[in-house]
file start.tsv (TSV, C-alpha atoms)
chain	number	residue	atom	x	y	z
A	1	MET	CA	11.67	6.47	19.00
A	2	SER	CA	13.08	3.56	20.96
A	3	ARG	CA	16.45	2.06	20.10
A	4	ILE	CA	14.77	-1.14	18.88
A	5	GLU	CA	12.46	0.82	16.60
A	6	LEU	CA	15.45	2.72	15.25
A	7	GLU	CA	17.35	-0.53	14.63
A	8	LEU	CA	14.36	-2.03	12.84
A	9	TYR	CA	14.08	1.08	10.69
A	10	ALA	CA	17.82	0.88	9.92
A	11	ASP	CA	17.36	-2.75	8.83
A	12	ARG	CA	14.44	-1.77	6.59
A	13	VAL	CA	16.46	0.98	4.92
A	14	ALA	CA	19.42	-1.39	4.52
A	15	ARG	CA	17.18	-3.90	2.71
A	16	HIS	CA	16.04	-1.13	0.33
A	17	ALA	CA	19.66	-0.18	-0.32
A	18	GLU	CA	20.58	-3.79	-1.02
A	19	ARG	CA	17.73	-4.12	-3.53
A	20	LEU	CA	18.89	-0.94	-5.26
A	21	ARG	CA	22.47	-2.26	-5.39
A	22	ASP	CA	21.12	-5.44	-6.99
A	23	ASP	CA	19.21	-3.32	-9.55
A	24	VAL	CA	22.37	-1.33	-10.31
A	25	ASP	CA	24.39	-4.52	-10.78
A	26	GLY	CA	21.68	-5.98	-13.00
A	27	ALA	CA	21.48	-2.89	-15.20
A	28	ARG	CA	25.27	-2.83	-15.60
A	29	LEU	CA	25.28	-6.51	-16.57
A	30	ARG	CA	22.46	-6.05	-19.08
A	31	LEU	CA	24.37	-3.18	-20.71
A	32	ALA	CA	27.57	-5.24	-20.85
A	33	TRP	CA	25.76	-8.24	-22.30
A	34	ALA	CA	24.00	-6.05	-24.85
A	35	ALA	CA	27.39	-4.72	-25.98
A	36	ILE	CA	28.73	-8.28	-26.41
A	37	GLU	CA	25.60	-9.37	-28.27
A	38	GLY	CA	25.80	-6.31	-30.50
A	39	ARG	CA	29.34	-7.24	-31.51
A	40	VAL	CA	28.60	-10.91	-32.25
A	41	ARG	CA	25.12	-10.65	-33.73
A	42	ALA	CA	26.37	-9.75	-37.23
A	43	GLU	CA	28.84	-12.62	-37.22
A	44	LEU	CA	26.18	-15.10	-36.18
A	45	GLY	CA	23.95	-14.31	-39.12
A	46	ALA	CA	20.20	-13.72	-39.18
A	47	HIS	CA	19.21	-17.39	-38.81
A	48	ASP	CA	21.37	-18.12	-35.75
A	49	ALA	CA	20.45	-14.78	-34.21
A	50	ALA	CA	16.74	-15.61	-34.64
A	51	VAL	CA	17.23	-19.06	-33.07
A	52	LEU	CA	19.11	-17.57	-30.12
A	53	GLU	CA	16.46	-14.84	-29.71
A	54	ALA	CA	13.74	-17.52	-29.64
A	55	LEU	CA	15.68	-19.30	-26.89
A	56	GLY	CA	15.98	-16.05	-24.95
A	57	VAL	CA	19.77	-16.11	-25.17
A	58	LEU	CA	19.97	-12.98	-27.28
A	59	VAL	CA	17.69	-10.20	-26.13
A	60	ALA	CA	17.01	-6.73	-27.40
A	61	VAL	CA	18.02	-4.24	-24.74
A	62	ASP	CA	16.93	-0.63	-24.76
A	63	ASP	CA	20.35	0.86	-24.04
A	64	ALA	CA	18.99	4.34	-23.39
A	65	GLY	CA	16.31	2.97	-21.08
A	66	GLU	CA	18.83	0.84	-19.18
A	67	ARG	CA	21.16	3.82	-18.79
A	68	ARG	CA	18.28	5.95	-17.48
A	69	LEU	CA	17.35	3.19	-15.04
A	70	LEU	CA	20.97	2.89	-13.92
A	71	GLU	CA	21.30	6.63	-13.33
A	72	ARG	CA	17.97	6.77	-11.47
A	73	ARG	CA	18.92	3.83	-9.26
A	74	LEU	CA	22.32	5.39	-8.52
A	75	ARG	CA	20.64	8.67	-7.47
A	76	GLN	CA	18.20	6.73	-5.29
A	77	LEU	CA	21.03	4.73	-3.77
A	78	ARG	CA	23.00	7.88	-2.92
A	79	ALA	CA	19.93	9.33	-1.18
A	80	LEU	CA	19.42	6.10	0.76
A	81	GLU	CA	23.06	6.05	1.78
A	82	ARG	CA	22.72	9.59	3.13
A	83	LEU	CA	19.65	8.45	5.09
A	84	GLN	CA	21.60	5.45	6.40
A	85	ALA	CA	24.36	7.74	7.64
A	86	LEU	CA	21.83	9.84	9.55
A	87	ILE	CA	20.24	6.76	11.06
A	88	GLU	CA	23.66	5.41	12.08
A	89	ARG	CA	24.38	8.72	13.78
A	90	GLU	CA	21.11	8.49	15.70
A	91	LEU	CA	21.89	4.90	16.66
A	92	ALA	CA	25.31	5.95	17.93
A	93	GLU	CA	23.71	8.73	19.97
A	94	ALA	CA	21.16	6.29	21.40
A	95	ARG	CA	23.76	3.80	22.61
A	96	PRO	CA	24.05	3.77	26.37
A	97	ARG	CA	27.28	5.34	27.54
A	98	GLU	CA	29.67	3.18	29.47
A	99	PRO	CA	30.10	4.09	33.12
A	100	GLY	CA	32.96	6.52	33.60
A	101	ALA	CA	33.06	7.51	29.93
A	102	GLU	CA	32.71	11.25	29.53
call {"tool": "encode", "arguments": {"input": "start.tsv", "output": "C-alpha cells"}}
result
Amino acid sequence: MSRIELELYADRVARHAERLRDDVDGARLRLAWAAIEGRVRAELGAHDAAVLEALGVLVAVDDAGERRLLERRLRQLRALERLQALIERELAEARPREPGAE
C-alpha cells in the first residue's frame, strides 16, 4: 500500500471515530436531559408536560436503550482507536528516513 493510500485510509478511519465520538456525546446528553426531565415532569403537571411533549421539548427516552447504545459505541470507539494506533505505526514506518539518521 502506498503512503498516500495509507493516509487516505487513516483519514477514513478518523472520520468514523469522530462520528462515533459524536454518537457517544449525543447519548450522554440524551441521558442527562432525560434525568432532568424526569425530575421536573411531576412538578410541571400533566397539562404542561403534555404541551411540552407536543412541542418536542420533553421527550420520552428509553434509558436502557440509550445506555446500551452508549456502551456499544464506546466498545466500537475503543476498537477504532486500536486500529488508528496500528495505522499510525504503519505511517511512521512508511515515512522516508532523513539522510544520516540511523
call {"tool": "residues_around", "arguments": {"input": "start.tsv", "residues": "Arg73 in chain A", "least_positions_apart": "2", "cutoff": "8 Å", "atoms": "all atoms listed in the file", "output": "PyMOL selection string"}}
result
chain A and resi 20+23-24+69-71+75-77
call {"tool": "closest_residue", "arguments": {"input": "start.tsv", "among": "A:Ala14, A:Ile36, A:Leu44, A:Ala27", "to": "Gln84 in chain A", "atoms": "only C-alpha atoms"}}
result
A:Ala14
call {"tool": "atom_distance", "arguments": {"input": "start.tsv", "atom1": "CA of Glu53 in chain A", "atom2": "CA of Val40 in chain A"}}
result
13.0 Å
call {"tool": "atom_distance", "arguments": {"input": "start.tsv", "atom1": "CA of Arg15 in chain A", "atom2": "CA of Val59 in chain A"}}
result
29.5 Å
call {"tool": "atom_distance", "arguments": {"input": "start.tsv", "atom1": "CA of Arg30 in chain A", "atom2": "CA of Val13 in chain A"}}
result
25.7 Å
call {"tool": "residues_around", "arguments": {"input": "start.tsv", "residues": "Trp33 in chain A", "least_positions_apart": "6", "cutoff": "12 Å", "atoms": "only C-alpha atoms", "output": "PDB file with C-alpha atoms, keeping the file's coordinate frame"}}
result
ATOM      1  CA  GLY A  26      21.680  -5.980 -13.000  1.00  0.00           C
ATOM      2  CA  ALA A  27      21.480  -2.890 -15.200  1.00  0.00           C
ATOM      3  CA  ARG A  39      29.340  -7.240 -31.510  1.00  0.00           C
ATOM      4  CA  VAL A  40      28.600 -10.910 -32.250  1.00  0.00           C
ATOM      5  CA  ARG A  41      25.120 -10.650 -33.730  1.00  0.00           C
ATOM      6  CA  VAL A  57      19.770 -16.110 -25.170  1.00  0.00           C
ATOM      7  CA  LEU A  58      19.970 -12.980 -27.280  1.00  0.00           C
ATOM      8  CA  VAL A  59      17.690 -10.200 -26.130  1.00  0.00           C
ATOM      9  CA  ALA A  60      17.010  -6.730 -27.400  1.00  0.00           C
ATOM     10  CA  VAL A  61      18.020  -4.240 -24.740  1.00  0.00           C
ATOM     11  CA  ASP A  62      16.930  -0.630 -24.760  1.00  0.00           C
ATOM     12  CA  ASP A  63      20.350   0.860 -24.040  1.00  0.00           C
ATOM     13  CA  GLU A  66      18.830   0.840 -19.180  1.00  0.00           C
TER      14      GLU A  66
END
call {"tool": "residues_around", "arguments": {"input": "start.tsv", "residues": "Asp11 in chain A", "least_positions_apart": "6", "cutoff": "12 Å", "atoms": "all atoms listed in the file", "output": "PyMOL selection string"}}
result
chain A and resi 4-5+17-18+84+87-88+91
call {"tool": "residues_around", "arguments": {"input": "start.tsv", "residues": "Glu90 in chain A", "least_positions_apart": "2", "cutoff": "12 Å", "atoms": "all atoms listed in the file", "output": "tab-separated table (two decimals) with C-alpha atoms, keeping the file's coordinate frame"}}
result
chain	number	residue	atom	x	y	z
A	1	MET	CA	11.67	6.47	19.00
A	2	SER	CA	13.08	3.56	20.96
A	3	ARG	CA	16.45	2.06	20.10
A	4	ILE	CA	14.77	-1.14	18.88
A	5	GLU	CA	12.46	0.82	16.60
A	6	LEU	CA	15.45	2.72	15.25
A	7	GLU	CA	17.35	-0.53	14.63
A	9	TYR	CA	14.08	1.08	10.69
A	10	ALA	CA	17.82	0.88	9.92
A	83	LEU	CA	19.65	8.45	5.09
A	84	GLN	CA	21.60	5.45	6.40
A	85	ALA	CA	24.36	7.74	7.64
A	86	LEU	CA	21.83	9.84	9.55
A	87	ILE	CA	20.24	6.76	11.06
A	88	GLU	CA	23.66	5.41	12.08
A	92	ALA	CA	25.31	5.95	17.93
A	93	GLU	CA	23.71	8.73	19.97
A	94	ALA	CA	21.16	6.29	21.40
A	95	ARG	CA	23.76	3.80	22.61
call {"tool": "build_atoms", "arguments": {"input": "start.tsv", "residues": "range 8-19 of chain A", "atoms": "all heavy atoms", "output": "short mmCIF file (atom, residue, chain, number, x, y, z; two decimals), in the coordinates of the input"}}
result
data_model
loop_
_atom_site.label_atom_id
_atom_site.label_comp_id
_atom_site.auth_asym_id
_atom_site.auth_seq_id
_atom_site.Cartn_x
_atom_site.Cartn_y
_atom_site.Cartn_z
N LEU A 8 15.24 -1.42 13.83
CA LEU A 8 14.36 -2.03 12.84
C LEU A 8 14.24 -1.16 11.60
O LEU A 8 14.23 -1.64 10.46
CB LEU A 8 12.98 -2.30 13.44
CG LEU A 8 12.92 -3.43 14.48
CD1 LEU A 8 11.56 -3.47 15.15
CD2 LEU A 8 13.25 -4.77 13.83
N TYR A 9 14.15 0.15 11.82
CA TYR A 9 14.08 1.08 10.69
C TYR A 9 15.39 1.03 9.89
O TYR A 9 15.38 1.01 8.66
CB TYR A 9 13.81 2.50 11.19
CG TYR A 9 13.61 3.51 10.09
CD1 TYR A 9 12.54 3.41 9.22
CD2 TYR A 9 14.52 4.54 9.91
CE1 TYR A 9 12.36 4.32 8.20
CE2 TYR A 9 14.36 5.46 8.89
CZ TYR A 9 13.28 5.34 8.05
OH TYR A 9 13.10 6.26 7.03
N ALA A 10 16.52 0.97 10.58
CA ALA A 10 17.82 0.88 9.92
C ALA A 10 17.89 -0.40 9.07
O ALA A 10 18.40 -0.37 7.94
CB ALA A 10 18.95 0.91 10.94
N ASP A 11 17.38 -1.50 9.59
CA ASP A 11 17.36 -2.75 8.83
C ASP A 11 16.49 -2.62 7.59
O ASP A 11 16.85 -3.10 6.51
CB ASP A 11 16.84 -3.90 9.69
CG ASP A 11 17.83 -4.36 10.74
OD1 ASP A 11 19.03 -4.02 10.63
OD2 ASP A 11 17.41 -5.05 11.69
N ARG A 12 15.35 -1.97 7.72
CA ARG A 12 14.44 -1.77 6.59
C ARG A 12 15.12 -0.95 5.49
O ARG A 12 15.07 -1.30 4.31
CB ARG A 12 13.17 -1.07 7.07
CG ARG A 12 12.18 -0.76 5.99
CD ARG A 12 10.93 -0.12 6.59
NE ARG A 12 10.08 0.39 5.56
CZ ARG A 12 9.96 1.68 5.25
NH1 ARG A 12 10.62 2.60 5.93
NH2 ARG A 12 9.17 2.07 4.29
N VAL A 13 15.77 0.13 5.89
CA VAL A 13 16.46 0.98 4.92
C VAL A 13 17.61 0.21 4.28
O VAL A 13 17.85 0.33 3.07
CB VAL A 13 16.95 2.28 5.61
CG1 VAL A 13 17.85 3.09 4.70
CG2 VAL A 13 15.74 3.13 6.04
N ALA A 14 18.31 -0.59 5.05
CA ALA A 14 19.42 -1.39 4.52
C ALA A 14 18.92 -2.39 3.47
O ALA A 14 19.59 -2.61 2.45
CB ALA A 14 20.14 -2.12 5.65
N ARG A 15 17.75 -2.97 3.69
CA ARG A 15 17.18 -3.90 2.71
C ARG A 15 16.85 -3.16 1.41
O ARG A 15 17.09 -3.68 0.32
CB ARG A 15 15.94 -4.60 3.26
CG ARG A 15 16.27 -5.68 4.28
CD ARG A 15 15.06 -6.54 4.62
NE ARG A 15 13.92 -5.79 5.10
CZ ARG A 15 13.71 -5.42 6.37
NH1 ARG A 15 14.61 -5.73 7.29
NH2 ARG A 15 12.64 -4.75 6.72
N HIS A 16 16.31 -1.94 1.53
CA HIS A 16 16.04 -1.13 0.33
C HIS A 16 17.34 -0.84 -0.42
O HIS A 16 17.39 -0.93 -1.65
CB HIS A 16 15.36 0.19 0.70
CG HIS A 16 13.90 0.07 0.97
ND1 HIS A 16 12.97 -0.13 -0.03
CD2 HIS A 16 13.20 0.14 2.11
CE1 HIS A 16 11.77 -0.19 0.49
NE2 HIS A 16 11.87 -0.03 1.81
N ALA A 17 18.37 -0.48 0.31
CA ALA A 17 19.66 -0.18 -0.32
C ALA A 17 20.21 -1.41 -1.02
O ALA A 17 20.75 -1.31 -2.14
CB ALA A 17 20.64 0.35 0.73
N GLU A 18 20.08 -2.56 -0.40
CA GLU A 18 20.58 -3.79 -1.02
C GLU A 18 19.83 -4.10 -2.30
O GLU A 18 20.43 -4.51 -3.31
CB GLU A 18 20.47 -4.96 -0.04
CG GLU A 18 21.19 -6.21 -0.50
CD GLU A 18 22.67 -6.01 -0.76
OE1 GLU A 18 23.32 -5.22 -0.04
OE2 GLU A 18 23.17 -6.62 -1.72
N ARG A 19 18.51 -3.90 -2.30
CA ARG A 19 17.73 -4.12 -3.53
C ARG A 19 18.17 -3.16 -4.62
O ARG A 19 18.27 -3.55 -5.79
CB ARG A 19 16.24 -3.97 -3.24
CG ARG A 19 15.63 -5.21 -2.62
CD ARG A 19 14.11 -5.18 -2.64
NE ARG A 19 13.53 -4.11 -1.86
CZ ARG A 19 13.23 -4.18 -0.58
NH1 ARG A 19 13.46 -5.28 0.10
NH2 ARG A 19 12.69 -3.16 0.05
#
